[in-house]
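Here's input24.cif, which has mmCIF, C-alpha atoms:
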```
data_upload
#
loop_
_atom_site.label_atom_id
_atom_site.label_comp_id
_atom_site.auth_asym_id
_atom_site.auth_seq_id
_atom_site.Cartn_x
_atom_site.Cartn_y
_atom_site.Cartn_z
CA MET A 1 58.21 96.66 -152.08
CA ARG A 2 54.91 94.77 -151.75
CA ARG A 3 53.54 96.64 -154.73
CA VAL A 4 56.48 95.74 -156.83
CA GLU A 5 55.94 92.11 -155.90
CA VAL A 6 52.26 92.28 -156.80
CA LEU A 7 53.05 94.01 -160.04
CA LYS A 8 55.69 91.51 -160.92
CA ASN A 9 53.32 88.65 -160.25
CA TRP A 10 50.70 90.23 -162.43
CA MET A 11 53.20 90.77 -165.16
CA MET A 12 54.18 87.15 -165.09
CA ILE A 13 50.59 85.92 -165.00
CA SER A 14 49.52 88.13 -167.85
CA LEU A 15 52.55 87.23 -169.90
CA VAL A 16 51.87 83.56 -169.49
CA LEU A 17 48.20 84.00 -170.29
CA LEU A 18 49.09 86.05 -173.31
CA LEU A 19 51.40 83.39 -174.59
CA VAL A 20 48.77 80.75 -174.07
CA VAL A 21 46.07 82.81 -175.76
CA LEU A 22 48.11 83.93 -178.70
CA CYS A 23 50.32 80.91 -178.97
CA SER A 24 52.68 83.17 -180.74
CA ALA A 25 56.29 82.28 -181.26
CA CYS A 26 58.19 85.28 -180.02
CA GLY A 27 61.38 85.53 -181.95
CA GLU A 28 63.31 87.28 -179.26
CA SER A 29 62.01 85.89 -176.07
CA LYS A 30 63.79 88.06 -173.58
CA THR A 31 65.07 85.53 -171.14
CA ASN A 32 64.14 86.09 -167.60
CA PRO A 33 67.15 87.21 -165.58
CA LYS A 34 66.01 84.96 -162.81
CA ALA A 35 68.75 83.85 -160.47
CA SER A 36 69.74 81.16 -162.90
CA GLU A 37 71.85 78.65 -161.07
CA ALA A 38 75.37 78.80 -162.31
CA PRO A 39 76.70 75.44 -163.30
CA GLU A 40 77.61 73.31 -160.35
CA ILE A 41 81.29 73.75 -159.91
CA SER A 42 82.34 71.76 -156.93
CA ALA A 43 85.81 73.18 -156.71
CA PRO A 44 88.66 71.71 -158.68
CA GLN A 45 87.78 68.11 -159.33
CA PRO A 46 90.06 65.76 -161.15
CA VAL A 47 89.62 66.34 -164.84
CA THR A 48 92.95 65.91 -166.47
CA GLN A 49 95.45 63.18 -165.96
CA ASP A 50 99.00 64.26 -165.90
CA ALA A 51 101.92 62.16 -166.91
CA SER A 52 103.93 62.33 -163.72
CA PRO A 53 106.08 59.29 -162.97
CA SER A 54 103.66 56.66 -161.77
CA PRO A 55 103.90 55.51 -158.16
CA PRO A 56 105.67 52.22 -157.46
CA ARG A 57 102.56 50.11 -157.89
CA VAL A 58 99.50 50.51 -160.02
CA LYS A 59 96.80 52.49 -158.24
CA THR A 60 93.17 52.44 -159.19
CA HIS A 61 92.73 56.08 -158.35
CA PRO A 62 95.67 57.86 -159.87
CA VAL A 63 96.81 61.20 -158.49
CA THR A 64 95.97 63.85 -161.05
CA THR A 65 96.39 67.61 -161.32
CA GLY A 66 92.82 67.75 -160.07
CA THR A 67 93.76 65.79 -156.94
CA ARG A 68 96.53 68.22 -156.15
CA GLU A 69 94.24 71.19 -156.77
CA THR A 70 91.60 69.69 -154.50
CA TYR A 71 94.21 69.25 -151.80
CA GLN A 72 95.35 72.85 -152.19
CA TRP A 73 91.82 74.19 -152.21
CA TYR A 74 90.46 72.34 -149.17
CA CYS A 75 93.14 70.55 -147.21
CA ALA A 76 96.02 73.04 -147.37
CA GLN A 77 94.18 75.55 -145.15
CA CYS A 78 95.08 73.22 -142.27
CA HIS A 79 97.64 70.73 -143.57
CA GLY A 80 99.73 73.35 -145.37
CA ILE A 81 100.68 73.92 -149.00
CA LYS A 82 103.24 71.10 -148.87
CA GLY A 83 101.26 68.91 -146.48
CA LYS A 84 103.62 69.49 -143.57
CA GLY A 85 100.77 70.16 -141.16
CA ASN A 86 101.51 73.87 -141.01
CA GLY A 87 98.50 75.46 -142.74
CA ILE A 88 97.10 78.83 -141.68
CA ASN A 89 94.71 77.24 -139.20
CA ALA A 90 97.37 75.02 -137.64
CA PRO A 91 98.39 77.45 -134.87
CA HIS A 92 94.73 77.66 -133.83
CA THR A 93 93.57 74.04 -133.73
CA ALA A 94 93.46 72.21 -130.41
CA VAL A 95 95.16 69.20 -132.02
CA PRO A 96 97.71 69.96 -134.75
CA PRO A 97 96.78 68.91 -138.29
CA ARG A 98 98.63 65.74 -139.22
CA ASP A 99 101.93 66.17 -141.10
CA HIS A 100 101.30 64.30 -144.35
CA THR A 101 105.01 64.03 -145.11
CA LYS A 102 105.74 62.01 -141.97
CA ALA A 103 106.26 58.40 -142.97
CA GLU A 104 106.74 57.07 -139.42
CA TYR A 105 103.12 57.81 -138.55
CA LEU A 106 101.45 57.19 -141.88
CA GLU A 107 103.06 53.78 -142.20
CA THR A 108 100.96 52.76 -139.22
CA ARG A 109 97.69 53.74 -140.90
CA SER A 110 96.05 51.76 -143.67
CA ASP A 111 94.59 53.36 -146.79
CA GLU A 112 91.16 52.36 -145.53
CA GLN A 113 91.73 54.15 -142.24
CA LEU A 114 92.86 57.31 -144.02
CA PHE A 115 89.90 57.12 -146.39
CA HIS A 116 87.54 56.70 -143.46
CA VAL A 117 88.88 59.75 -141.60
CA ILE A 118 88.75 61.95 -144.69
CA LYS A 119 85.24 60.89 -145.56
CA PHE A 120 83.67 60.83 -142.09
CA GLY A 121 85.91 63.20 -140.16
CA GLY A 122 88.35 62.94 -137.29
CA LEU A 123 85.72 62.23 -134.66
CA ALA A 124 84.38 59.21 -136.53
CA GLY A 125 87.86 57.74 -136.83
CA GLY A 126 88.91 58.15 -133.22
CA ARG A 127 90.75 61.35 -134.08
CA ALA A 128 90.25 65.02 -133.25
CA PRO A 129 87.09 66.84 -134.41
CA CYS A 130 89.14 69.63 -136.00
CA MET A 131 89.63 67.27 -138.92
CA PRO A 132 86.32 67.83 -140.75
CA ARG A 133 84.27 65.23 -142.64
CA TRP A 134 84.58 65.67 -146.40
CA GLY A 135 82.08 63.03 -147.48
CA HIS A 136 79.43 65.59 -148.43
CA THR A 137 81.92 67.69 -150.37
CA LEU A 138 84.08 65.16 -152.21
CA ASN A 139 83.10 61.92 -153.88
CA ASP A 140 84.71 58.58 -153.04
CA ASP A 141 86.94 58.55 -156.11
CA THR A 142 88.38 61.93 -155.19
CA ILE A 143 88.95 60.78 -151.62
CA HIS A 144 90.74 57.61 -152.81
CA ALA A 145 92.94 59.78 -155.01
CA LEU A 146 93.67 62.04 -152.03
CA VAL A 147 94.77 59.01 -150.01
CA ASN A 148 97.15 58.14 -152.82
CA TYR A 149 98.39 61.71 -152.92
CA ILE A 150 99.11 61.56 -149.19
CA ARG A 151 101.06 58.34 -149.88
CA GLU A 152 103.08 60.35 -152.38
CA LEU A 153 103.68 63.11 -149.87
CA CYS A 154 104.96 60.71 -147.21
CA GLU A 155 106.67 58.50 -149.77
CA CYS A 156 105.36 55.62 -147.72
CA ASP A 157 102.92 52.74 -147.65
CA TYR A 158 101.05 50.93 -144.91
CA LEU A 159 103.40 48.41 -143.39
CA MET B 160 49.83 105.69 -159.72
CA ILE B 161 51.03 102.76 -161.78
CA LEU B 162 48.82 100.38 -159.86
CA ASN B 163 45.74 101.35 -161.82
CA ARG B 164 47.49 100.35 -164.99
CA MET B 165 47.62 96.87 -163.68
CA PRO B 166 46.20 94.30 -166.08
CA ARG B 167 42.85 93.08 -164.86
CA PRO B 168 41.92 89.45 -164.54
CA MET B 169 41.24 88.03 -167.93
CA ILE B 170 37.51 87.55 -168.05
CA LEU B 171 37.22 88.11 -171.72
CA SER B 172 33.96 88.79 -173.43
CA SER B 173 34.16 87.18 -176.79
CA ALA B 174 33.45 90.47 -178.45
CA GLY B 175 36.28 92.41 -176.91
CA VAL B 176 38.94 89.73 -176.90
CA GLY B 177 41.16 91.30 -179.50
CA TRP B 178 40.95 94.70 -177.93
CA GLN B 179 41.60 93.34 -174.46
CA ILE B 180 44.62 91.42 -175.61
CA ALA B 181 45.99 94.46 -177.35
CA ARG B 182 45.54 96.53 -174.21
CA LEU B 183 47.13 93.89 -172.13
CA MET B 184 50.09 93.67 -174.42
CA VAL B 185 50.60 97.39 -174.30
CA THR B 186 50.40 97.33 -170.52
CA VAL B 187 52.84 94.48 -170.22
CA LEU B 188 55.26 96.04 -172.64
CA TRP B 189 55.03 99.33 -170.85
CA LEU B 190 55.54 97.71 -167.48
CA SER B 191 58.52 95.68 -168.59
CA PHE B 192 59.97 98.87 -169.94
CA VAL B 193 59.57 101.06 -166.87
CA MET B 194 60.04 98.23 -164.42
CA PRO B 195 62.33 95.52 -165.71
CA ALA B 196 61.39 92.05 -164.55
CA HIS B 197 62.40 91.40 -160.93
CA ALA B 198 62.97 95.12 -160.53
CA THR B 199 66.66 94.80 -161.31
CA PRO B 200 68.32 96.81 -158.57
CA ASP B 201 70.25 99.91 -159.42
CA VAL B 202 73.93 99.22 -158.96
CA SER B 203 75.22 102.37 -160.62
CA LEU B 204 76.23 103.96 -157.33
CA LEU B 205 78.17 100.85 -156.36
CA LYS B 206 79.84 100.73 -159.75
CA LYS B 207 80.67 104.42 -159.56
CA ASN B 208 82.47 103.76 -156.29
CA GLY B 209 84.52 100.96 -157.78
CA CYS B 210 82.88 98.19 -155.76
CA ALA B 211 82.29 96.08 -158.89
CA GLU B 212 86.02 95.84 -159.49
CA CYS B 213 86.29 93.32 -156.68
CA HIS B 214 82.75 92.26 -155.83
CA ARG B 215 80.17 90.51 -157.99
CA LEU B 216 76.95 92.50 -157.93
CA ASN B 217 75.00 89.94 -159.91
CA PRO B 218 75.24 86.17 -160.01
CA GLU B 219 75.83 86.05 -163.76
CA ALA B 220 79.21 87.75 -163.52
CA PRO B 221 82.00 85.21 -163.95
CA LEU B 222 83.16 83.52 -160.74
CA ASP B 223 86.78 84.03 -161.70
CA SER B 224 86.35 87.78 -161.76
CA ARG B 225 85.82 88.26 -158.05
CA LYS B 226 88.46 89.46 -155.65
CA GLY B 227 86.15 89.85 -152.68
CA PRO B 228 82.97 88.26 -151.31
CA ASP B 229 79.84 88.30 -153.47
CA LEU B 230 77.43 91.12 -152.74
CA PHE B 231 74.47 90.23 -154.97
CA PHE B 232 72.60 88.94 -151.91
CA ALA B 233 73.87 91.63 -149.52
CA GLY B 234 70.32 92.59 -148.54
CA ASP B 235 69.62 89.03 -147.42
CA LYS B 236 72.92 88.62 -145.63
CA PHE B 237 73.84 91.79 -143.76
CA GLN B 238 72.35 93.99 -141.10
CA ALA B 239 72.05 97.53 -142.45
CA ASP B 240 73.41 99.25 -139.33
CA TRP B 241 76.49 97.11 -139.38
CA LEU B 242 77.09 97.83 -143.06
CA THR B 243 76.97 101.58 -142.58
CA ARG B 244 79.40 101.39 -139.68
CA TRP B 245 81.75 98.94 -141.34
CA LEU B 246 81.94 100.83 -144.62
CA GLN B 247 83.22 103.83 -142.69
CA GLU B 248 85.51 101.86 -140.39
CA PRO B 249 86.25 98.55 -142.11
CA VAL B 250 87.90 96.02 -139.82
CA VAL B 251 89.32 92.78 -141.12
CA ILE B 252 86.83 89.88 -141.18
CA ARG B 253 88.70 87.37 -143.33
CA LEU B 254 91.98 87.19 -141.49
CA SER B 255 93.74 85.38 -144.33
CA GLY B 256 91.99 87.36 -147.05
CA PHE B 257 89.28 86.34 -149.46
CA ILE B 258 89.40 82.65 -150.49
CA THR B 259 90.81 83.45 -153.95
CA ASP B 260 93.50 85.83 -152.69
CA THR B 261 96.91 84.68 -153.91
CA GLY B 262 98.22 85.14 -150.37
CA PHE B 263 95.35 83.22 -148.73
CA LEU B 264 97.18 79.99 -147.97
CA LYS B 265 100.10 81.90 -146.49
CA GLY B 266 97.84 84.05 -144.35
CA GLU B 267 99.11 87.14 -146.12
CA PRO B 268 96.22 88.80 -147.92
CA THR B 269 97.31 90.93 -150.86
CA LEU B 270 94.00 92.65 -151.64
CA ALA B 271 91.85 95.28 -150.00
CA THR B 272 93.66 95.39 -146.72
CA PRO B 273 92.74 97.93 -145.60
CA HIS B 274 89.37 97.91 -147.32
CA PRO B 275 88.32 101.10 -149.19
CA LYS B 276 86.66 103.51 -146.73
CA LEU B 277 83.56 105.66 -147.26
CA ASP B 278 82.42 108.77 -145.43
CA LEU B 279 79.11 108.76 -143.55
CA GLY B 280 77.01 110.16 -146.39
CA LYS B 281 78.34 107.72 -148.92
CA ALA B 282 78.25 104.80 -146.50
CA GLU B 283 74.56 105.42 -145.91
CA ALA B 284 73.77 105.74 -149.60
CA VAL B 285 75.79 102.63 -150.46
CA THR B 286 74.10 100.69 -147.64
CA GLY B 287 70.73 101.64 -149.08
CA HIS B 288 71.74 100.21 -152.42
CA LEU B 289 73.36 97.10 -150.96
CA MET B 290 70.26 96.28 -148.93
CA GLN B 291 68.26 96.11 -152.15
CA LEU B 292 70.39 93.32 -153.54
CA ARG B 293 68.31 90.25 -152.81
CA MET B 294 68.13 86.73 -154.08
CA GLU B 295 65.07 85.12 -155.62
CA GLY B 296 63.38 82.10 -154.18
CA LEU B 297 65.03 81.81 -150.80
CA GLU B 298 63.54 79.25 -148.47
CA ASP B 299 61.72 80.34 -145.34
CA ALA B 300 63.69 80.36 -142.13
CA PRO B 301 62.24 79.98 -138.62
CA SER B 302 63.06 83.61 -137.72
CA ALA B 303 61.34 83.71 -134.36
CA GLU B 304 63.27 80.72 -133.00
CA LEU B 305 66.56 81.85 -134.51
CA ASN B 306 66.41 85.28 -132.93
CA GLU B 307 65.48 84.10 -129.46
CA PRO B 308 68.12 84.96 -126.87
CA LEU B 309 70.26 82.02 -125.77
CA SER B 310 70.17 80.77 -122.21
CA LYS B 311 73.52 79.96 -120.70
CA GLY B 312 72.74 76.27 -120.62
CA LYS B 313 71.82 76.11 -124.28
CA ARG B 314 74.84 78.16 -125.18
CA PHE B 315 77.17 75.59 -123.66
CA LYS B 316 75.34 72.79 -125.39
CA TYR B 317 75.60 74.57 -128.72
CA LYS B 318 79.21 75.47 -128.12
CA ILE B 319 79.99 71.77 -127.88
CA LEU B 320 78.20 71.17 -131.16
CA PHE B 321 80.13 74.00 -132.79
CA GLU B 322 83.54 73.09 -131.43
CA ARG B 323 83.57 69.39 -130.60
CA GLU B 324 81.04 67.80 -132.88
CA TYR B 325 81.64 69.77 -136.05
CA GLY B 326 84.98 71.46 -135.46
CA CYS B 327 83.79 74.78 -136.87
CA ILE B 328 86.29 76.50 -134.63
CA ALA B 329 89.21 75.02 -136.59
CA CYS B 330 88.47 77.53 -139.37
CA HIS B 331 86.45 80.27 -137.69
CA GLN B 332 87.35 82.72 -134.98
CA SER B 333 84.99 82.38 -132.02
CA VAL B 334 85.58 82.91 -128.28
CA ASN B 335 86.97 80.82 -125.45
CA LEU B 336 85.38 80.52 -122.03
CA ALA B 337 86.90 83.85 -121.00
CA TYR B 338 85.37 85.44 -124.12
CA GLN B 339 88.77 85.93 -125.69
CA PRO B 340 89.16 85.35 -129.45
CA ARG B 341 89.97 81.75 -130.27
CA GLY B 342 89.87 79.76 -133.48
CA GLY B 343 91.05 79.35 -137.05
CA VAL B 344 91.63 82.01 -139.64
CA SER B 345 90.69 80.51 -143.00
CA GLY B 346 86.97 81.24 -142.64
CA PRO B 347 85.43 84.64 -141.93
CA SER B 348 85.73 85.60 -138.27
CA LEU B 349 82.47 85.05 -136.42
CA LEU B 350 83.33 87.42 -133.56
CA SER B 351 80.80 90.00 -134.70
CA ALA B 352 78.50 87.62 -136.58
CA GLY B 353 75.48 88.66 -134.51
CA ASP B 354 75.95 92.31 -135.42
CA ARG B 355 76.89 91.63 -139.01
CA LEU B 356 74.72 88.80 -140.30
CA LYS B 357 71.00 88.20 -140.39
CA ALA B 358 70.08 85.05 -138.49
CA ASP B 359 67.85 83.90 -141.35
CA TRP B 360 70.76 84.11 -143.75
CA VAL B 361 73.08 82.15 -141.47
CA TYR B 362 70.42 79.43 -141.27
CA ARG B 363 70.09 79.35 -145.06
CA TRP B 364 73.86 79.29 -145.45
CA LEU B 365 74.22 76.32 -143.16
CA LYS B 366 71.34 74.53 -144.83
CA ASN B 367 72.52 75.06 -148.38
CA PRO B 368 75.76 77.03 -148.81
CA LYS B 369 75.83 76.18 -152.53
CA LYS B 370 72.98 78.58 -153.02
CA PHE B 371 75.33 81.43 -152.12
CA GLU B 372 78.80 80.09 -152.83
CA LYS B 373 79.48 77.85 -155.81
CA ARG B 374 83.18 77.56 -155.18
CA GLY B 375 83.91 77.84 -151.50
CA ARG B 376 86.48 76.25 -149.21
CA MET B 377 84.14 75.33 -146.38
CA PRO B 378 83.13 71.67 -146.27
CA LEU B 379 79.47 70.85 -146.95
CA PHE B 380 77.50 69.39 -144.08
CA GLU B 381 74.09 67.84 -143.85
CA PHE B 382 72.60 69.08 -140.62
CA ASN B 383 69.23 68.11 -139.27
CA GLU B 384 66.74 70.84 -138.37
CA GLU B 385 67.69 70.88 -134.70
CA GLU B 386 71.38 71.26 -135.48
CA LEU B 387 70.67 73.95 -138.06
CA GLN B 388 68.82 76.05 -135.52
CA ALA B 389 71.34 75.39 -132.77
CA LEU B 390 74.36 76.29 -134.90
CA THR B 391 72.64 79.38 -136.29
CA ARG B 392 71.74 80.59 -132.83
CA TYR B 393 75.25 79.96 -131.62
CA VAL B 394 76.79 81.82 -134.57
CA VAL B 395 74.62 84.91 -134.14
CA TRP B 396 75.12 84.87 -130.39
CA HIS B 397 78.59 86.33 -131.10
CA LYS B 398 78.18 90.07 -130.70
CA GLN B 399 80.60 92.84 -130.11
CA SER B 400 78.06 95.62 -129.82
CA GLU B 401 76.80 94.60 -126.40
CA GLY B 402 79.35 93.45 -123.87
CA GLN B 403 78.87 89.75 -123.23
#
```
Produce structure tokens that represent the structure in this file.
Amino acid sequence: MRRVEVLKNWMMISLVLLLVVLCSACGESKTNPKASEAPEISAPQPVTQDASPSPPRVKTHPVTTGTRETYQWYCAQCHGIKGKGNGINAPHTAVPPRDHTKAEYLETRSDEQLFHVIKFGGLAGGRAPCMPRWGHTLNDDTIHALVNYIRELCECDYL
Amino acid sequence: MILNRMPRPMILSSAGVGWQIARLMVTVLWLSFVMPAHATPDVSLLKKNGCAECHRLNPEAPLDSRKGPDLFFAGDKFQADWLTRWLQEPVVIRLSGFITDTGFLKGEPTLATPHPKLDLGKAEAVTGHLMQLRMEGLEDAPSAELNEPLSKGKRFKYKILFEREYGCIACHQSVNLAYQPRGGVSGPSLLSAGDRLKADWVYRWLKNPKKFEKRGRMPLFEFNEEELQALTRYVVWHKQSEGQ
């Protein structure tokens, strides 16, 4: 293994030197199959805007197909495919994931409070730690859109 | 052997420059022929056994094509002994299936349950090949610290970090105080993490999961060094090989 490493290093050094010395333009520069970073794909992010009936009032962060996909990709593992709080992890969390279709509760929480819990996690918002912080995974716009999506799910607003 | 064909440092006498360059070129060409850059590992055995149908064996393969976890860094991630055992007797690790499984969100995996089984001879050969799949440019990890046994006191401290501070247990199977399985099922079970995973890899995963998984379902965190080491040590403390 060591030898291979040494050899590889030498190959690289000599190749570079060669290029410098000869300054030749190699037509077919065989690209180095180095672990080239695949493009950053941070899971489904909102890209397209769909033309679903707009919510009662104008929202600055409209719910898009991307918002729904983001919810399915990350949130549904606990909150369930339809947001009813019955995701696959639900039977195993100390505190049950919140049912996002329940207006009675969500009417008592402001958009800012929901945003805060999604971004900084349950613990930071006086809630259970099994609600993770998503602030390093999702940007603010996406989180605002998720809040609006939850408002769609509960068909409710902060009263 | 090939070592004496190695190009020598380029101290070129003006007279012999052309000749030296020519020799060098021949050497380099020859080397890149017999030993492709980065010694591309031989995956033919894995392909022959159908592994590439579900697993990506190199990072350039399209993300959409995978039906199981990536294996192009298997040599960094897994412990060889565990691989050989598991390939003969595969037990379920991802209780809801791989993250792209169409049954994932219902907890009803549709693929590779049970996982294809190999006999001892094949399992050993395949392990040998898997362990050669490594990633370039991985950061150093503090191996000595990570592999230190955990005192009971530290373990309880780290358990709190794992369960209460970061809620890892909501997605990962771990153990309760009576050492019985407890925890979520969307992430890989960590019950045998200490037998299965290399501590250095767990540390690197927690530090920068994007390096290994471009489209995962686990949230990203930004741990400080102390937390990184604590969580790593807690994860690899989970062992099924020795009674706890």
Worksheet item: Which of these, B:Val344, B:Leu230, B:Ala303, B:Leu246, has the shortest distance to Leu289 of chain B once you count all atoms listed in the file?
Response: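 Using all atoms listed in the file, Leu289 of chain B sits closest to B:Leu230.
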Item to complete: Would you kindly return, as a ChimeraX atom specification, each protein, DNA or RNA residue with an atom no farther than 12 Å from any atom of Pro249 of chain B, considering all atoms listed in the file and excluding same-chain residues fewer than 3 positions away?
Response: /B:241-246,252-253,271-278,282
Check every residue of chain B for an atom within 7 Å of chain A, counting only C-alpha atoms, and provide those that qualify as a short mmCIF file (atom, residue, chain, number, x, y, z; two decimals) with C-alpha atoms, in the coordinates of the input.
```cif
data_model
loop_
_atom_site.label_atom_id
_atom_site.label_comp_id
_atom_site.auth_asym_id
_atom_site.auth_seq_id
_atom_site.Cartn_x
_atom_site.Cartn_y
_atom_site.Cartn_z
CA VAL B 187 52.84 94.48 -170.22
CA ALA B 196 61.39 92.05 -164.55
CA HIS B 197 62.40 91.40 -160.93
CA PRO B 218 75.24 86.17 -160.01
CA LEU B 264 97.18 79.99 -147.97
CA LYS B 265 100.10 81.90 -146.49
CA GLY B 266 97.84 84.05 -144.35
CA GLU B 295 65.07 85.12 -155.62
CA ARG B 323 83.57 69.39 -130.60
CA GLU B 324 81.04 67.80 -132.88
CA TYR B 325 81.64 69.77 -136.05
CA GLY B 326 84.98 71.46 -135.46
CA ALA B 329 89.21 75.02 -136.59
CA CYS B 330 88.47 77.53 -139.37
CA GLY B 342 89.87 79.76 -133.48
CA GLY B 343 91.05 79.35 -137.05
CA VAL B 344 91.63 82.01 -139.64
CA SER B 345 90.69 80.51 -143.00
CA LYS B 373 79.48 77.85 -155.81
CA ARG B 374 83.18 77.56 -155.18
CA ARG B 376 86.48 76.25 -149.21
CA PRO B 378 83.13 71.67 -146.27
CA LEU B 379 79.47 70.85 -146.95
CA PHE B 380 77.50 69.39 -144.08
#
```
Discussion item. (74.2, 77.4, -133.3) in this file's frame - what residues fall within 12 Å of it? Use all atoms listed in the file and give the answer as a PyMOL selection string.
Written reply: chain B and resi 304-309+313-322+324-325+327+333+349+352-353+358+361-362+365+382+384-397
Fill in: d(atom CA of Gln113 of chain A, atom CA of Gly125 of chain A) in Å
7.6 Å
Worksheet item: What is the distance, in Å and to one decimal place, between atom CA of Val250 of chain B and atom CA of Gly280 of chain B?
Response: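 Between these atoms lies a distance of 19.0 Å.
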Fill in: Coordinates-based distance that separates atom CA of Lys236 of chain B from atom CA of Cys210 of chain B (Å, one decimal)
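Interatomic distance, atom CA of Cys210 of chain B to atom CA of Lys236 of chain B: 17.1 Å.
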Worksheet item: Which residue out of A:Glu112, A:Asp99, A:Glu107, A:Asp141 has the minimum interatomic distance to Gly66 of chain A when all atoms listed in the file are used?
Response: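 Using all atoms listed in the file, Gly66 of chain A sits closest to A:Asp141.
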Discussion item. Env of Tyr158 of chain A: 12 Å cut, atoms = all atoms listed in the file, seq-sep filter 2 positions within chain, self excluded. Answer as a list in words.
Written reply: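 Once the nearby chain positions are removed, what remains is Ala103, Glu104, Tyr105, Leu106, Glu107, Thr108, Arg109, Ser110, Asp111, Glu112, Gln113, Leu114, Val147, Asn148, Ile150, Arg151, Cys154, Glu155 and Cys156 of chain A.
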Copy segment 309-321 of chain B out of the block into a file, keeping N, CA, C and O atoms, as a PDB file, in the first residue's frame.
```pdb
ATOM      1  N   LEU B 309     -14.801   3.393  27.402  1.00  0.00           N
ATOM      2  CA  LEU B 309     -15.583   4.417  28.098  1.00  0.00           C
ATOM      3  C   LEU B 309     -15.792   4.033  29.553  1.00  0.00           C
ATOM      4  O   LEU B 309     -16.255   2.935  29.845  1.00  0.00           O
ATOM      5  N   SER B 310     -15.501   4.952  30.443  1.00  0.00           N
ATOM      6  CA  SER B 310     -15.843   4.710  31.851  1.00  0.00           C
ATOM      7  C   SER B 310     -17.354   4.864  31.987  1.00  0.00           C
ATOM      8  O   SER B 310     -18.000   5.500  31.160  1.00  0.00           O
ATOM      9  N   LYS B 311     -17.876   4.288  33.064  1.00  0.00           N
ATOM     10  CA  LYS B 311     -19.320   4.350  33.257  1.00  0.00           C
ATOM     11  C   LYS B 311     -19.813   5.787  33.373  1.00  0.00           C
ATOM     12  O   LYS B 311     -20.829   6.164  32.793  1.00  0.00           O
ATOM     13  N   GLY B 312     -19.040   6.583  34.084  1.00  0.00           N
ATOM     14  CA  GLY B 312     -19.422   7.977  34.295  1.00  0.00           C
ATOM     15  C   GLY B 312     -19.529   8.741  32.975  1.00  0.00           C
ATOM     16  O   GLY B 312     -20.506   9.439  32.710  1.00  0.00           O
ATOM     17  N   LYS B 313     -18.501   8.586  32.157  1.00  0.00           N
ATOM     18  CA  LYS B 313     -18.499   9.265  30.860  1.00  0.00           C
ATOM     19  C   LYS B 313     -19.656   8.768  30.018  1.00  0.00           C
ATOM     20  O   LYS B 313     -20.301   9.528  29.297  1.00  0.00           O
ATOM     21  N   ARG B 314     -19.888   7.467  30.100  1.00  0.00           N
ATOM     22  CA  ARG B 314     -20.942   6.897  29.266  1.00  0.00           C
ATOM     23  C   ARG B 314     -22.283   7.548  29.580  1.00  0.00           C
ATOM     24  O   ARG B 314     -23.040   7.855  28.686  1.00  0.00           O
ATOM     25  N   PHE B 315     -22.547   7.796  30.847  1.00  0.00           N
ATOM     26  CA  PHE B 315     -23.832   8.413  31.183  1.00  0.00           C
ATOM     27  C   PHE B 315     -23.875   9.861  30.711  1.00  0.00           C
ATOM     28  O   PHE B 315     -24.893  10.336  30.238  1.00  0.00           O
ATOM     29  N   LYS B 316     -22.750  10.515  30.814  1.00  0.00           N
ATOM     30  CA  LYS B 316     -22.668  11.895  30.331  1.00  0.00           C
ATOM     31  C   LYS B 316     -22.944  11.944  28.819  1.00  0.00           C
ATOM     32  O   LYS B 316     -23.717  12.772  28.329  1.00  0.00           O
ATOM     33  N   TYR B 317     -22.317  11.032  28.115  1.00  0.00           N
ATOM     34  CA  TYR B 317     -22.451  11.018  26.654  1.00  0.00           C
ATOM     35  C   TYR B 317     -23.841  10.565  26.230  1.00  0.00           C
ATOM     36  O   TYR B 317     -24.361  10.983  25.202  1.00  0.00           O
ATOM     37  N   LYS B 318     -24.411   9.686  27.040  1.00  0.00           N
ATOM     38  CA  LYS B 318     -25.770   9.218  26.744  1.00  0.00           C
ATOM     39  C   LYS B 318     -26.734  10.399  26.765  1.00  0.00           C
ATOM     40  O   LYS B 318     -27.631  10.508  25.928  1.00  0.00           O
ATOM     41  N   ILE B 319     -26.520  11.294  27.714  1.00  0.00           N
ATOM     42  CA  ILE B 319     -27.384  12.474  27.819  1.00  0.00           C
ATOM     43  C   ILE B 319     -27.230  13.356  26.584  1.00  0.00           C
ATOM     44  O   ILE B 319     -28.207  13.846  26.015  1.00  0.00           O
ATOM     45  N   LEU B 320     -25.980  13.488  26.145  1.00  0.00           N
ATOM     46  CA  LEU B 320     -25.724  14.268  24.931  1.00  0.00           C
ATOM     47  C   LEU B 320     -26.451  13.635  23.740  1.00  0.00           C
ATOM     48  O   LEU B 320     -27.100  14.314  22.942  1.00  0.00           O
ATOM     49  N   PHE B 321     -26.349  12.340  23.634  1.00  0.00           N
ATOM     50  CA  PHE B 321     -26.922  11.588  22.516  1.00  0.00           C
ATOM     51  C   PHE B 321     -28.452  11.607  22.545  1.00  0.00           C
ATOM     52  O   PHE B 321     -29.105  11.778  21.519  1.00  0.00           O
TER      53      PHE B 321
END
```
